[in-house]
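Engineer: Got a structure for you, questions after.
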Amino acid sequence: MIKGHGDDAYSYQGIRSDFSSNICMPAHRHKALMAHLASHPELIGHYPEPEAWTLEALLAERHGIDPQCVIVTNGATDAIYLIAQTFRLKPVIPAPTFSEYADACACFKEEEERSMAWLCNPNNPDGKVYDEQFVKRMTDEHHLLVLDHSYEHYTDSHLLTPRQGCQSGRIIQIHSFTKTYAVPGLRLGYITAHESLTQAMRRFMRPWSVSALAIEAGKFLLTHDELQCRPDLAEAQRLRQQLLATGIEVAPTQTNFMLCRTEGHTASSLKAYLAAAHGILIRDASNFQGLTPQHFRIAAQTPAENDALVAAIRQYKKERNQ
């Protein structure tokens with residue numbers, strides 16, 4: 001398991017602005033969801049469904065697919081490990097990307113030479129979106145293609161729908177309540193794929209892996225689309241331009257988060273300075289495969305917070321160059 005994911009504010013004191021997590025935090029701060037769960041205290045006194053069938057049925061209805069094509073998991077990361085354990089194919093993983101794909105595949109010995117490609121779409125950490133032609137080519141070139149669509153609601157770019165994916169016997173899609181509704185503490189995700197693939201994965205599922213509270217939360221959230229997180233992509237582009245003007249390299253992005261690179265200093269030193277001097281937290285991205293000690297990732301926040309970040313980086317550069 002990699003150490004150094006984002007959202008590590010617990011390691012610091014006085015953090016006021018957290019740019020380290022890609023999750024778009026909603027303004028409502030979960031009040032409606034918390035009130036709903038508080039009205040069902042009986043849930044914690046009983047075992048949950050061995051498999052989250054009721055939630056799977058609702059997800060299937062939403063996407064216009066058969067319930068057998070849906071598997072609810074204990075977060076998207078649980079889905080990643082379930083896929084790796086089930087198929088045990090030679091992994092093909094473009095870098096840089098989310099580290100858990102490689103970590104999951106390393107846990108289970110390959111049993112076949114056929115390949116399984118993993119694409120995070122939009123990609124973490126750079127916000128790149130793979131187009132339909134690239135997805136089709138990867139589908140044709142590999143026995144299986146895993147599309148991690150955890151950030152599917154964080155872009156305006158077109159992505160393969162669950163219904164389209166389920167029509168293929170070679171595509172597995174991962175979805176995340178964590179990102180869609182900003183509920184990382186619930187640990188709730190799901191897989192959509194052709195029934196032949198989900199049937200294979202169900203052989204390795206653990207009973208009661210999704211809590212009763214998470215299942216109830218998922219059912220509630222699916223009936224409240226107004227609670228979905230929709231990042232301000234225009235503000236993210238404004239922040240990117242502001243950072244470029246400071247001399248920071250920033251990769252093009254189609255989401256709310258972006259991959260940056262500083263010259264002459266390390267991301268870890270910049271992170272320590274911002275946290276201590278300004279109460280701002282960024283993600284040191286040097287532990288992504290293929291990146292350097294100078295790389296860091298940020299996710300756009302409010303305009304005022306974004307301006308404060310840019311000003312703090314300018315101050316950092318000024319102090320280091322004196």
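Note on naming: chains are A, B, ... as they come in the structure tokens, residues start from 1 per chain, ligands start from 1 in the order shown.
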Counting only C-alpha atoms, what is within 10 Å of A:Lys136, bar same-chain residues fewer than 5 positions away, as a PDB file with N, CA and C atoms, in the first residue's frame?

Structural biologist:
```pdb
ATOM      1  N   ASP A 131     -10.031   9.859 -25.218  1.00  0.00           N
ATOM      2  CA  ASP A 131     -11.177   9.951 -26.116  1.00  0.00           C
ATOM      3  C   ASP A 131     -11.646   8.562 -26.550  1.00  0.00           C
ATOM      4  N   GLU A 141      -6.865  -4.033 -28.312  1.00  0.00           N
ATOM      5  CA  GLU A 141      -5.504  -4.531 -28.114  1.00  0.00           C
ATOM      6  C   GLU A 141      -5.365  -5.449 -26.905  1.00  0.00           C
ATOM      7  N   LEU A 145     -10.345  -4.433 -20.604  1.00  0.00           N
ATOM      8  CA  LEU A 145     -10.033  -3.031 -20.353  1.00  0.00           C
ATOM      9  C   LEU A 145     -10.814  -2.589 -19.123  1.00  0.00           C
TER      10      LEU A 145
END
```

Engineer: Excluding A:Trp118 and residues on its chain fewer than 4 positions from it, collect all residues at most 7 Å away from it, counting only C-alpha atoms, and give them as a list in words.

Structural biologist: Val92, Ile93, Leu145, Val146 and Leu147 of chain A

Engineer: From the list A:Ile80, A:Val72, A:Val129, A:Ala276, which residue is nearest A:Pro207 when using only C-alpha atoms?

Structural biologist: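 Using only C-alpha atoms, A:Pro207 sits closest to A:Val72.
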
Engineer: Write out as a PyMOL selection string the set of residues from stretch 75-201 of chain A that DSSP, computed on the backbone, places in alpha helix (DSSP H).

Structural biologist: chain A and resi 76-87+100-107+132-141+162-166+177-181+195-201

Engineer: Taking 6 positions as the minimum chain separation for residues in the same chain, which residues sit within 8 Å of A:Arg261 when counting only C-alpha atoms? Answer as a list in words.

Structural biologist: Ile248, Glu249, Val250, Ala267, Gln294, His295 and Phe296 of chain A

Engineer: To one decimal place, how far is atom CA of A:Ala277 from atom CA of A:Gln315 in Å?

Structural biologist: 10.1 Å

Engineer: If you take only C-alpha atoms and a cut-off of 6 Å, which residues of stretch 211-269 of chain A touch stretch 47-56 of chain A, and what are their nearest atom pairs and distances in Å to one decimal, in chain and number order, as CSV?

Structural biologist:
```
residue,atom,partner,partner_atom,distance
A:Ser211,CA,A:Pro48,CA,5.8
A:Ala212,CA,A:Pro48,CA,4.5
A:Lys219,CA,A:Leu55,CA,6.0
```

Engineer: How about saving the chosen residues, C-alpha atoms kept, as a PDB file, in the first residue's frame?

Structural biologist:
```pdb
ATOM      1  CA  SER A 211     -22.097  -1.567   5.599  1.00  0.00           C
ATOM      2  CA  ALA A 212     -25.807  -1.044   6.163  1.00  0.00           C
ATOM      3  CA  LYS A 219     -30.028   4.707  -1.848  1.00  0.00           C
TER       4      LYS A 219
END
```

Engineer: From stretch 101-246 of chain A, collect each residue whose DSSP state is strand (DSSP E or B) and return the set as a ChimeraX atom specification.

Structural biologist: /A:115-120,144-148,171-176,189-193

Engineer: Need to verify the contact set: A:Gln167, 12 Å, only C-alpha atoms, exclusion of same-chain residues closer than 5 positions in sequence. Can you return it as number ranges by chain?

Structural biologist: A: 64-66, 69, 160-162, 172-173, 192-197

Engineer: Would you put the residues from that selection into a file with all heavy atoms, as a compact mmCIF listing (two decimals), in the first residue's frame?

Structural biologist:
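Done, and the output landed in part26.txt:
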```txt
# COMPACT_ATOMS: atom_id res chain seq x y z
N GLY A 64 -30.07 1.91 -16.88
CA GLY A 64 -30.75 1.16 -17.93
C GLY A 64 -30.07 -0.15 -18.27
O GLY A 64 -29.99 -0.54 -19.42
N ILE A 65 -29.59 -0.84 -17.23
CA ILE A 65 -28.91 -2.12 -17.43
C ILE A 65 -29.50 -3.16 -16.48
O ILE A 65 -30.27 -2.84 -15.57
CB ILE A 65 -27.39 -2.00 -17.19
CG1 ILE A 65 -27.10 -1.46 -15.78
CG2 ILE A 65 -26.75 -1.09 -18.24
CD1 ILE A 65 -25.62 -1.31 -15.45
N ASP A 66 -29.12 -4.41 -16.69
CA ASP A 66 -29.60 -5.49 -15.83
C ASP A 66 -28.90 -5.43 -14.48
O ASP A 66 -27.70 -5.16 -14.41
CB ASP A 66 -29.31 -6.84 -16.51
CG ASP A 66 -30.01 -7.99 -15.81
OD1 ASP A 66 -29.56 -8.39 -14.71
OD2 ASP A 66 -31.00 -8.50 -16.36
N CYS A 69 -25.50 -6.86 -13.89
CA CYS A 69 -24.33 -6.16 -14.44
C CYS A 69 -23.73 -5.17 -13.44
O CYS A 69 -22.80 -4.43 -13.79
CB CYS A 69 -24.72 -5.42 -15.72
SG CYS A 69 -25.24 -6.49 -17.07
N LEU A 160 -17.57 6.87 -22.05
CA LEU A 160 -18.37 5.68 -22.31
C LEU A 160 -19.40 5.50 -21.20
O LEU A 160 -19.06 5.59 -20.02
CB LEU A 160 -17.45 4.45 -22.38
CG LEU A 160 -18.03 3.17 -22.99
CD1 LEU A 160 -18.13 3.33 -24.51
CD2 LEU A 160 -17.14 1.98 -22.64
N THR A 161 -20.65 5.26 -21.55
CA THR A 161 -21.69 5.08 -20.54
C THR A 161 -21.67 3.66 -20.00
O THR A 161 -21.17 2.74 -20.65
CB THR A 161 -23.07 5.37 -21.14
OG1 THR A 161 -23.38 4.34 -22.10
CG2 THR A 161 -23.11 6.73 -21.81
N PRO A 162 -22.23 3.43 -18.81
CA PRO A 162 -22.33 2.07 -18.29
C PRO A 162 -23.10 1.15 -19.23
O PRO A 162 -22.74 -0.03 -19.38
CB PRO A 162 -23.07 2.25 -16.97
CG PRO A 162 -22.71 3.62 -16.52
CD PRO A 162 -22.65 4.43 -17.79
N ILE A 172 -14.72 -3.32 -18.19
CA ILE A 172 -15.18 -3.22 -16.81
C ILE A 172 -15.06 -1.76 -16.41
O ILE A 172 -14.01 -1.15 -16.57
CB ILE A 172 -14.34 -4.09 -15.86
CG1 ILE A 172 -14.38 -5.56 -16.30
CG2 ILE A 172 -14.83 -3.94 -14.42
CD1 ILE A 172 -13.39 -6.44 -15.56
N GLN A 173 -16.14 -1.18 -15.88
CA GLN A 173 -16.12 0.21 -15.44
C GLN A 173 -16.25 0.29 -13.92
O GLN A 173 -17.02 -0.47 -13.30
CB GLN A 173 -17.24 1.00 -16.11
CG GLN A 173 -17.04 1.19 -17.61
CD GLN A 173 -18.27 1.78 -18.27
OE1 GLN A 173 -19.27 1.09 -18.45
NE2 GLN A 173 -18.21 3.05 -18.65
N THR A 192 -19.68 -1.73 -13.08
CA THR A 192 -20.64 -2.12 -14.11
C THR A 192 -19.87 -2.86 -15.20
O THR A 192 -18.78 -2.44 -15.61
CB THR A 192 -21.37 -0.92 -14.72
OG1 THR A 192 -20.42 0.03 -15.23
CG2 THR A 192 -22.25 -0.24 -13.68
N ALA A 193 -20.43 -3.96 -15.65
CA ALA A 193 -19.79 -4.78 -16.68
C ALA A 193 -20.79 -5.81 -17.19
O ALA A 193 -21.85 -6.04 -16.58
CB ALA A 193 -18.54 -5.49 -16.13
N HIS A 194 -20.45 -6.46 -18.29
CA HIS A 194 -21.27 -7.54 -18.83
C HIS A 194 -21.46 -8.62 -17.76
O HIS A 194 -20.58 -8.86 -16.93
CB HIS A 194 -20.60 -8.13 -20.07
CG HIS A 194 -21.45 -9.09 -20.82
ND1 HIS A 194 -21.52 -10.43 -20.49
CD2 HIS A 194 -22.28 -8.91 -21.88
CE1 HIS A 194 -22.36 -11.04 -21.33
NE2 HIS A 194 -22.83 -10.14 -22.18
N GLU A 195 -22.61 -9.27 -17.78
CA GLU A 195 -22.94 -10.26 -16.76
C GLU A 195 -21.90 -11.37 -16.66
O GLU A 195 -21.63 -11.89 -15.57
CB GLU A 195 -24.32 -10.86 -17.04
CG GLU A 195 -24.78 -11.85 -15.99
CD GLU A 195 -26.17 -12.40 -16.27
OE1 GLU A 195 -26.83 -11.90 -17.22
OE2 GLU A 195 -26.59 -13.32 -15.55
N SER A 196 -21.28 -11.74 -17.77
CA SER A 196 -20.27 -12.79 -17.73
C SER A 196 -19.07 -12.38 -16.88
O SER A 196 -18.44 -13.23 -16.23
CB SER A 196 -19.80 -13.13 -19.16
OG SER A 196 -19.21 -11.99 -19.77
N LEU A 197 -18.77 -11.08 -16.84
CA LEU A 197 -17.65 -10.59 -16.05
C LEU A 197 -18.03 -10.42 -14.59
O LEU A 197 -17.26 -10.78 -13.69
CB LEU A 197 -17.15 -9.26 -16.63
CG LEU A 197 -16.63 -9.32 -18.07
CD1 LEU A 197 -16.30 -7.92 -18.58
CD2 LEU A 197 -15.41 -10.23 -18.17
```

Engineer: Using only C-alpha atoms, determine which residues lie at most 12 Å from A:Leu270, disregarding the query and same-chain residues fewer than 2 positions distant; provide the list as a PyMOL selection string.

Structural biologist: chain A and resi 248+260-268+272-278+280-285+293-297+309+312-317+319-320

Engineer: Just to confirm, what's the straight-line distance from atom CA of A:Tyr10 to atom CA of A:His28 in Å (one decimal)?

Structural biologist: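 Going from atom CA of A:Tyr10 over to atom CA of A:His28 covers 22.4 Å.
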
Engineer: Just want the 10 Å neighbourhood of stretch 31-34 of chain A, counted on only C-alpha atoms, with same-chain residues fewer than 5 positions away dropped. Output as number ranges by chain.

Structural biologist: A: 39, 183, 216-218, 220-221, 224, 227

Engineer: Export, as a PDB file, in the first residue's frame, the selected residues with C-alpha atoms.

Structural biologist:
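So out00.pdb came out as:
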```pdb
ATOM      1  CA  SER A  39     -33.321   8.824  11.380  1.00  0.00           C
ATOM      2  CA  VAL A 183     -18.439  10.945   0.846  1.00  0.00           C
ATOM      3  CA  GLU A 216     -28.764   3.316   2.969  1.00  0.00           C
ATOM      4  CA  ALA A 217     -26.683   6.384   2.139  1.00  0.00           C
ATOM      5  CA  GLY A 218     -26.288   5.190  -1.448  1.00  0.00           C
ATOM      6  CA  PHE A 220     -30.689   8.170  -0.428  1.00  0.00           C
ATOM      7  CA  LEU A 221     -28.113   9.879  -2.612  1.00  0.00           C
ATOM      8  CA  HIS A 224     -31.103  13.410  -4.584  1.00  0.00           C
ATOM      9  CA  LEU A 227     -26.370  16.600  -3.888  1.00  0.00           C
TER      10      LEU A 227
END
```

Engineer: Give me, please, the distance in Å between atom CA of A:Gly14 and atom CA of A:Ala311, quoted to one decimal.

Structural biologist: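 The value is 18.2 Å.
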
Engineer: For A:Ala304, which residue among A:Met258, A:Thr253, A:Leu239, A:Tyr154 is the nearest when counting only C-alpha atoms?

Structural biologist: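 So, comparing all the options, the nearest one is A:Leu239.
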
Engineer: Could you list, as a PyMOL selection string, every residue within 8 Å of A:Pro122, counting only C-alpha atoms and ignoring same-chain residues fewer than 3 positions away?

Structural biologist: chain A and resi 127-130+149-152+155+254-255

Engineer: Any chance you can output those residues with C-alpha atoms as a PDB file, in the first residue's frame?

Structural biologist:
```pdb
ATOM      1  CA  GLY A 127      -6.868  15.410 -15.372  1.00  0.00           C
ATOM      2  CA  LYS A 128      -6.468  13.979 -18.879  1.00  0.00           C
ATOM      3  CA  VAL A 129      -9.516  12.448 -20.557  1.00  0.00           C
ATOM      4  CA  TYR A 130      -9.001   9.606 -23.016  1.00  0.00           C
ATOM      5  CA  HIS A 149     -14.624   6.422 -14.078  1.00  0.00           C
ATOM      6  CA  SER A 150     -14.356   7.633 -10.489  1.00  0.00           C
ATOM      7  CA  TYR A 151     -14.095  11.233 -11.709  1.00  0.00           C
ATOM      8  CA  GLU A 152     -16.774  10.914 -14.391  1.00  0.00           C
ATOM      9  CA  THR A 155     -15.535  16.696 -16.476  1.00  0.00           C
ATOM     10  CA  GLN A 254     -10.186  18.580 -18.355  1.00  0.00           C
ATOM     11  CA  THR A 255     -11.202  18.350 -14.697  1.00  0.00           C
TER      12      THR A 255
END
```

Engineer: For a quick check of understanding, using only C-alpha atoms, which of A:Gln13, A:Ser115, A:Thr292, A:Ser286 has the smallest distance to A:His142?

Structural biologist: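 Comparing A:Gln13, A:Ser115, A:Thr292, A:Ser286 against A:His142, the winner is A:Ser115.
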